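Below is one structure, written out as structure tokens; the observations come after it.
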Amino acid sequence: MKMSKMGVKTRHHRGSDEALSQEILFQCTQLKRHCAGIYGLGNLLVRARNNIINIVRHNLEAYECAEVSLPVIQPKSLWEASGRWDTYTKTKQMFTFEGRNGEYCLAPTAEEIVLDFIKENIVSYKDLPVNIFQIGNKYRDELRVRGGLLRSKEFLMKDGYSFHASFEDMVKEYNSMKECYIKIFSDLGLNVIAVKAVSAEIGGKVSEEFMCFSDIGEDTVLLDNKNGIALNTEILEYPDMLQEIKDSIPDFDVKNLQEVQCIELGHIFQLGKVYSESMGGYYVNSDGKKEAYYMGCYGIGINRTLGAICENNCDEEGLVWPDSIAPYKCVIVPANEYLSEAENLYHTLKGNCIDTVLDDRNITFGTKIKDAKLLGFPYMVIIGKKYSENSQLEVEKRKSYEKFFLDKNDLINLLKK
RNA sequence: CGAGGUGUGGCUCAGCUUGGUAGAGCGCCUGGUUUGGGACCAGGAUGCCGCAGGUUCAAAUCCUGUCACCUCGACCA
């Protein structure tokens with residue numbers, strides 16, 4: 001990609017947000033606030049997000065989850081069936097509108113629609129279990145938005161749903177998804193822990209959240225380092241849940257818990273039969289009897305994960321994309337009289353399938369360097385004075401500022417990794 | 001919805017207390033000099049001061065209303 005065609009504008013000043021990463025995203029115009037909680041994303045964010053999506057997708061497919069796509073516009077009737085139309089509209093958390101054939105909502109979540117989707121495909125115990133997921137926009141008219149990507153009204157979410165003939169099978173799948181989620185976050189380079197949580201409006205009993213440590217996080221997590229468990233502080237408000245924990249762990253004591261701030265990136269639930277019963281999700285068992293199936297539900301906030309990664313990977317000079325999801329592997333920064341040499345290298349790297357940006361803008365060298373750091377490309381290849389002095393390429397690593405010289409082939413090998 | 005705060009060129013903001021020709025920095029355009037870590041000189045363009053009423057000879061400034069946005073609470077991936 002040529003920088004001149006990317007439609008980016010960088011600024012000298014940062015604006016304000018409680019999260020440094022979000023300030024930087026506004027500064028380099030990768031995040032544009034159109035109105036409260038509604039954002040446009042620039043090229044770098046979209047490419048990084050696509051990389052996250054691919055990691056999520058590949059891991060889920062390795063666990064035999066099948067990708068589908070469900071509509072965002074959903075009819076009121078489905079939400080009345082589950083009883084959640086009133087729950088969500090009362091608190092004005094859901095966007096609704098009048099269409100030609102009645103009322104609709106913009107999906108805040110998808111339990112209703114997924115049942116409507118899968119119902120006719122699951123009629124016998126032989127059709128179970130099934131685990132399907134989608135990656136799509138969700139809409140929630142949040143009472144309060146926060147921190148750019150971290151809490152917005154329109155956001156990209158991966159949501160998955162599993163269907164089972166028995167409670168045991170549901171629990172088994174739940175545990176398998178937990179394992180899968182831990183793998184996903186580890187592939188993304190995030191340090192994430194599973195935390196016991198309250199299920200709220202989604203329903204069901206057992207649920208765990210996947211939390212990433214961060215001072216700007218909205219959630220407070222209580223760590224029991226001795227017993228190796230963690231729980232969301234909101235559990236303290238539910239005496240029965242607290243009692244369950246006390247019963248299962250003999251020397252559990254609220255006094256020994258350590259408080260940490262976290263960002264919630266994912267949440268998995270054992271839903272049980274709540275939705276299948278209300279929405280008519282039945283199958284016929286081996287005895288020929290009709291039964292509602294058990295369900296599990298598994299979500300990852302993709303935009304929020306992107307935001308958390310930015311927050312974990314930035315410094316005073318700008319973003320520092322980790323290799324796992326970097327939108328481009330490197331940027332070529334030429335002094336203006338070396339543009340044609342830079343262009344040659346650009347085509348060579350592209351020819352080797354390396355995602356490369358060429359800063360071909362007719363601006364001063366210093367500005368290009370500043371922008372390269374601000375935008376956070378993992379490697380910067382400088383073509384200028386030193387290029388003519390020696391045939392090796394000057395390379396600087398964004399993260400460590402480490403500088404070294406490489407032959408063209410060594411550079412290709414380095415970036416191909 | 002409760003409590004605070006802010007709306008002024010593309011961006012960030014000053015000016016408002018005490019009414020009197022609309023400001024700065026960055027960005028943008030033209031010309032020239034620069035060209036390895038956010039260059040310099042000269043010239044130039046850009047505003048219904050969020051919107052609507054009111055007070056006044058006169059309103060960015062005072063009053064009333066309204067809308068939008070931000071921060072803090074109650075809800076959530």
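If you're wondering about the labels, chains in the structure tokens are A, B, ... by order shown, residues count from 1 in each chain, ligands from 1 in order shown.
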
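The interface of chain A with chain B at 8 Å, considering only C-alpha atoms (C1' of nucleotides), consists of Arg11, His12, His13, Gly15, Cys35, Ala36, Glu142, Leu143, Met157, Glu264, Leu265, Gly266, His267, Gly299, Ile300, Gly301, Arg304, Ala335, Asn336, Thr364, Phe365, Gly366, Thr367, Ile369, Lys370, Gly384 and Lys385 of chain A.
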
What lies within 6 Å of range 118-125 of chain A using only C-alpha atoms (C1' of nucleotides), ignoring chain neighbours under 6 positions off, as an MDAnalysis selection string? chainID A and resid 281 283:285

Selection export as a CSV table (one decimal), in the first residue's frame, atoms kept: N, CA and C atoms:
chain,number,residue,atom,x,y,z
A,281,GLY,N,-37.1,-25.0,20.8
A,281,GLY,CA,-36.0,-25.7,20.2
A,281,GLY,C,-36.1,-27.2,20.7
A,283,TYR,N,-36.0,-31.6,20.1
A,283,TYR,CA,-35.5,-32.7,19.2
A,283,TYR,C,-36.2,-33.9,19.8
A,284,VAL,N,-36.1,-35.0,19.1
A,284,VAL,CA,-36.7,-36.3,19.5
A,284,VAL,C,-35.5,-37.2,20.0
A,285,ASN,N,-35.6,-37.7,21.2
A,285,ASN,CA,-34.6,-38.5,21.8
A,285,ASN,C,-34.7,-40.0,21.3

I'd like the neighbourhood of Ile382 in chain A as a ChimeraX atom specification, where a residue qualifies if any of its atoms comes within 6 Å (using only C-alpha atoms (C1' of nucleotides)), though same-chain residues fewer than 4 positions away should be ignored. /A:333-334,394

According to DSSP computed on the backbone, where in range 134-338 of chain A is there strand (DSSP E)? Give the residues as an mmCIF file with C-alpha atoms, in the first residue's frame.
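Saved result, states-v4.cif, follows:
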data_model
loop_
_atom_site.group_PDB
_atom_site.id
_atom_site.type_symbol
_atom_site.label_atom_id
_atom_site.label_comp_id
_atom_site.auth_asym_id
_atom_site.auth_seq_id
_atom_site.Cartn_x
_atom_site.Cartn_y
_atom_site.Cartn_z
ATOM 1 C CA GLN A 134 -20.730 -15.928 13.387
ATOM 2 C CA ILE A 135 -18.661 -12.762 13.327
ATOM 3 C CA GLY A 136 -20.832 -9.739 12.846
ATOM 4 C CA ASN A 137 -21.873 -6.356 14.127
ATOM 5 C CA LYS A 138 -23.914 -6.010 17.268
ATOM 6 C CA TYR A 139 -25.848 -2.941 18.322
ATOM 7 C CA GLU A 154 -21.873 -0.605 17.203
ATOM 8 C CA PHE A 155 -19.226 -3.259 17.603
ATOM 9 C CA LEU A 156 -17.941 -6.402 15.972
ATOM 10 C CA MET A 157 -18.480 -9.547 17.965
ATOM 11 C CA LYS A 158 -17.859 -13.219 17.484
ATOM 12 C CA ASP A 159 -20.786 -15.114 18.938
ATOM 13 C CA GLY A 160 -21.141 -18.878 18.983
ATOM 14 C CA TYR A 161 -23.914 -21.233 20.071
ATOM 15 C CA SER A 162 -23.853 -24.953 20.794
ATOM 16 C CA PHE A 163 -26.728 -27.405 21.064
ATOM 17 C CA HIS A 164 -26.745 -30.634 23.062
ATOM 18 C CA VAL A 192 -5.962 -13.390 29.596
ATOM 19 C CA ILE A 193 -7.487 -15.243 32.535
ATOM 20 C CA ALA A 194 -10.854 -16.980 32.922
ATOM 21 C CA VAL A 195 -12.969 -15.416 35.645
ATOM 22 C CA LYS A 196 -16.172 -16.667 37.279
ATOM 23 C CA SER A 207 -20.497 -18.457 33.024
ATOM 24 C CA GLU A 208 -16.922 -17.261 32.825
ATOM 25 C CA GLU A 209 -15.406 -14.093 31.461
ATOM 26 C CA PHE A 210 -12.034 -13.778 29.755
ATOM 27 C CA MET A 211 -10.242 -10.861 31.264
ATOM 28 C CA CYS A 212 -7.146 -9.002 30.231
ATOM 29 C CA PHE A 213 -5.290 -7.028 32.920
ATOM 30 C CA ASP A 219 -14.155 -4.628 35.513
ATOM 31 C CA THR A 220 -12.756 -5.410 38.905
ATOM 32 C CA VAL A 221 -11.559 -8.966 39.294
ATOM 33 C CA LEU A 222 -10.764 -10.696 42.555
ATOM 34 C CA LEU A 223 -7.820 -13.066 42.417
ATOM 35 C CA ASP A 224 -7.441 -15.954 44.817
ATOM 36 C CA ILE A 229 -9.233 -18.972 40.856
ATOM 37 C CA ALA A 230 -10.561 -15.561 39.924
ATOM 38 C CA LEU A 231 -14.005 -14.052 40.145
ATOM 39 C CA ASN A 232 -15.736 -10.937 38.977
ATOM 40 C CA GLN A 258 -6.436 -9.448 45.445
ATOM 41 C CA GLU A 259 -8.204 -6.772 43.360
ATOM 42 C CA VAL A 260 -7.139 -6.073 39.771
ATOM 43 C CA GLN A 261 -8.657 -3.964 36.992
ATOM 44 C CA CYS A 262 -9.443 -5.824 33.774
ATOM 45 C CA ILE A 263 -10.977 -5.490 30.338
ATOM 46 C CA GLU A 264 -13.557 -8.141 29.558
ATOM 47 C CA LEU A 265 -12.797 -9.603 26.125
ATOM 48 C CA GLY A 266 -14.926 -12.714 26.074
ATOM 49 C CA HIS A 267 -17.726 -14.431 27.938
ATOM 50 C CA ILE A 268 -18.929 -18.013 27.770
ATOM 51 C CA PHE A 269 -22.190 -19.347 29.197
ATOM 52 C CA GLN A 270 -23.885 -22.614 29.993
ATOM 53 C CA LEU A 271 -27.368 -21.544 28.986
ATOM 54 C CA GLY A 272 -29.180 -24.786 29.673
ATOM 55 C CA TYR A 282 -36.931 -29.408 20.456
ATOM 56 C CA TYR A 283 -35.511 -32.697 19.250
ATOM 57 C CA VAL A 284 -36.670 -36.283 19.511
ATOM 58 C CA LYS A 290 -39.649 -34.677 22.426
ATOM 59 C CA GLU A 291 -37.166 -32.695 24.502
ATOM 60 C CA ALA A 292 -35.691 -29.210 24.576
ATOM 61 C CA TYR A 294 -29.237 -27.754 26.129
ATOM 62 C CA MET A 295 -27.371 -24.760 24.843
ATOM 63 C CA GLY A 296 -24.057 -23.055 25.365
ATOM 64 C CA CYS A 297 -23.152 -19.568 24.204
ATOM 65 C CA TYR A 298 -19.684 -18.133 23.567
ATOM 66 C CA GLY A 299 -18.754 -14.542 22.751
ATOM 67 C CA ILE A 300 -15.635 -12.522 21.990
ATOM 68 C CA GLY A 301 -15.696 -8.756 21.555
ATOM 69 C CA CYS A 314 1.857 1.464 22.483
ATOM 70 C CA ASP A 315 4.326 3.984 23.830
ATOM 71 C CA GLY A 318 2.664 5.805 19.038
ATOM 72 C CA LEU A 319 1.363 2.332 18.324
ATOM 73 C CA CYS A 330 6.981 -2.985 7.402
ATOM 74 C CA VAL A 331 7.133 0.540 6.054
ATOM 75 C CA ILE A 332 9.704 1.769 3.567
ATOM 76 C CA VAL A 333 10.843 5.290 4.354
ATOM 77 C CA PRO A 334 12.819 6.857 1.525
#

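Our summary of the geometry notes that CA of Leu31 in chain A is positioned 20.6 Å from CA of Glu218 in chain A.
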
When DSSP is applied to the backbone of this structure, which of range 188-253 of chain A are assigned alpha helix (DSSP H)? Write them out as a ChimeraX atom specification. /A:239-248
